[in-house]
Amino acid sequence: MFLLRQTNQAAHIRILVNDTVKVEDLVCDGVLLSTAAGSTAYNFSVRGPILPLGTDALALTPISPFRPRRWNGAILPNSARVRFEILDHYKRSVSATADAYEVRDVVSVDAYEDKNVALKLLFDPDHSLEERILNEQFL
């Protein structure tokens with residue numbers, strides 16, 4: 001799941017984890033929250049970590065952050081509930097996208113892992129996905 005600015009102005013996003021403010025005002029192009037399965041694509045391309053499959057964690061990664069200057073994101077337990085509040089949403093509009101479904105002009109987004117959804121992951125038995133993810137970190 002990711003949030004992206006819709007205009008040429010940077011987004012201002014407050015981030016709460018389990019109802020506690022962790023980042024008061026993230027000035028950025030956006031922010032991404034990914035599971036281990038999603039961490040090898042877009043999250044890695046915005047300099048976020050690759051999480052090994054089976055990791056019970058979420059990667060929270062800023063996209064082109066301006067302030068706070070040295071914040072590189074966080075690794076959260078997959079039980080975390082993350083709330084994104086868009087500051088000045090009238091002037092600095094933001095869209096939210098999850099699984100190719102986009103909602104524009106969001107004011108806030110609550111994200112958490114739903115344990116009731118089961119998916120079957122297909123893979124090539126001659127090319128272990130776990131081994132490929134591990135190798136990707138050393139290129």
# chains A, B, ... in the order shown; residues from 1 in each chain; ligands from 1

call {"tool": "residues_around", "arguments": {"residues": "stretch 50-57 of chain A", "least_positions_apart": "2", "cutoff": "12 Å", "atoms": "only C-alpha atoms", "output": "compact mmCIF listing (two decimals) with C-alpha atoms, in the first residue's frame"}}
result
# COMPACT_ATOMS: atom_id res chain seq x y z
CA LEU A 33 3.86 0.16 3.67
CA SER A 34 4.70 -3.34 2.45
CA THR A 35 4.60 -6.95 3.57
CA ALA A 36 7.46 -9.35 2.92
CA ALA A 37 5.82 -10.41 -0.35
CA GLY A 38 5.68 -6.81 -1.55
CA SER A 39 9.06 -5.66 -0.30
CA THR A 40 11.10 -6.86 -3.27
CA ALA A 41 9.49 -4.63 -5.85
CA TYR A 42 8.50 -1.03 -5.26
CA ASN A 43 9.75 -0.88 -1.66
CA PHE A 44 13.25 -1.94 -2.70
CA SER A 45 13.23 0.57 -5.57
CA VAL A 46 12.65 3.44 -3.11
CA ARG A 47 15.61 2.23 -1.00
CA GLY A 48 13.51 0.28 1.49
CA ALA A 59 8.33 -2.24 5.98
CA LEU A 60 7.38 1.43 6.28
CA THR A 61 9.41 3.45 3.77
CA ALA A 74 10.92 1.56 9.99
CA ILE A 75 10.37 -2.18 10.29
CA LEU A 76 7.14 -2.85 12.17
CA PRO A 77 5.57 -6.04 13.50
CA ASN A 78 2.87 -7.28 11.16
CA SER A 79 0.35 -6.77 13.99
CA ALA A 80 0.90 -2.98 13.81
CA ARG A 81 -1.95 -0.70 12.83
CA TYR A 112 -3.22 -3.23 8.87
CA GLU A 113 -2.63 -6.82 7.86
CA LYS A 115 -5.17 -12.36 8.81
CA LEU A 121 1.83 -18.22 -3.92
CA SER A 128 13.42 -20.83 -5.09
CA LEU A 129 11.78 -17.47 -4.51
CA GLU A 130 13.37 -17.27 -1.06
CA GLU A 131 16.83 -17.82 -2.59
CA ARG A 132 16.17 -15.19 -5.26
CA ILE A 133 15.09 -12.67 -2.62
CA LEU A 134 18.21 -13.40 -0.59
CA ASN A 135 20.46 -13.04 -3.65
CA GLU A 136 18.78 -9.76 -4.65
CA GLN A 137 20.20 -8.13 -1.52
CA PHE A 138 23.79 -8.81 -2.64

call {"tool": "residues_around", "arguments": {"residues": "A:Lys22", "least_positions_apart": "5", "cutoff": "12 Å", "atoms": "only C-alpha atoms", "output": "compact mmCIF listing (two decimals) with C-alpha atoms, in the first residue's frame"}}
result
# COMPACT_ATOMS: atom_id res chain seq x y z
CA ILE A 13 1.79 13.19 6.19
CA ARG A 14 1.46 12.39 9.90
CA ILE A 15 2.17 8.75 10.73
CA LEU A 16 0.70 6.98 13.75
CA VAL A 17 1.56 3.42 14.75
CA LEU A 60 7.38 1.43 6.28
CA PRO A 68 12.71 14.65 8.67
CA TRP A 71 14.42 9.22 8.53
CA GLY A 73 11.66 4.32 7.50
CA ALA A 74 10.92 1.56 9.99
CA LEU A 76 7.14 -2.85 12.17
CA VAL A 82 -0.67 2.25 10.83
CA ARG A 83 -2.63 5.44 10.30
CA PHE A 84 -1.62 8.06 7.75
CA GLU A 85 -3.16 11.52 8.17

call {"tool": "closest_residue", "arguments": {"among": "A:Val23, A:Ala98, A:Pro62, A:Ala11", "to": "A:Asp110", "atoms": "only C-alpha atoms"}}
result
A:Ala98

call {"tool": "select_by_dssp", "arguments": {"residues": "chain A", "states": "alpha helix (DSSP H)", "output": "list in words"}}
result
Phe44, Ser45, Leu129, Glu130, Glu131, Arg132, Ile133, Leu134, Asn135 and Glu136 of chain A

call {"tool": "closest_residue", "arguments": {"among": "A:Asn72, A:Ser108, A:Ser93, A:Asn116", "to": "A:Ala10", "atoms": "only C-alpha atoms"}}
result
A:Ser93

call {"tool": "closest_residue", "arguments": {"among": "A:Arg69, A:His89, A:His127, A:Lys120", "to": "A:Arg5", "atoms": "only C-alpha atoms"}}
result
A:His89

call {"tool": "atom_distance", "arguments": {"atom1": "atom CA of A:Thr97", "atom2": "atom CA of A:Met1"}}
result
5.6 Å

call {"tool": "select_by_dssp", "arguments": {"residues": "chain A", "states": "strand (DSSP E)", "output": "ChimeraX atom specification"}}
result
/A:2-5,11-17,20-28,30-34,57-63,74-77,82-87,94-98,101-103,108-111

call {"tool": "atom_distance", "arguments": {"atom1": "atom CA of A:Glu24", "atom2": "atom CA of A:Ala96"}}
result
19.1 Å
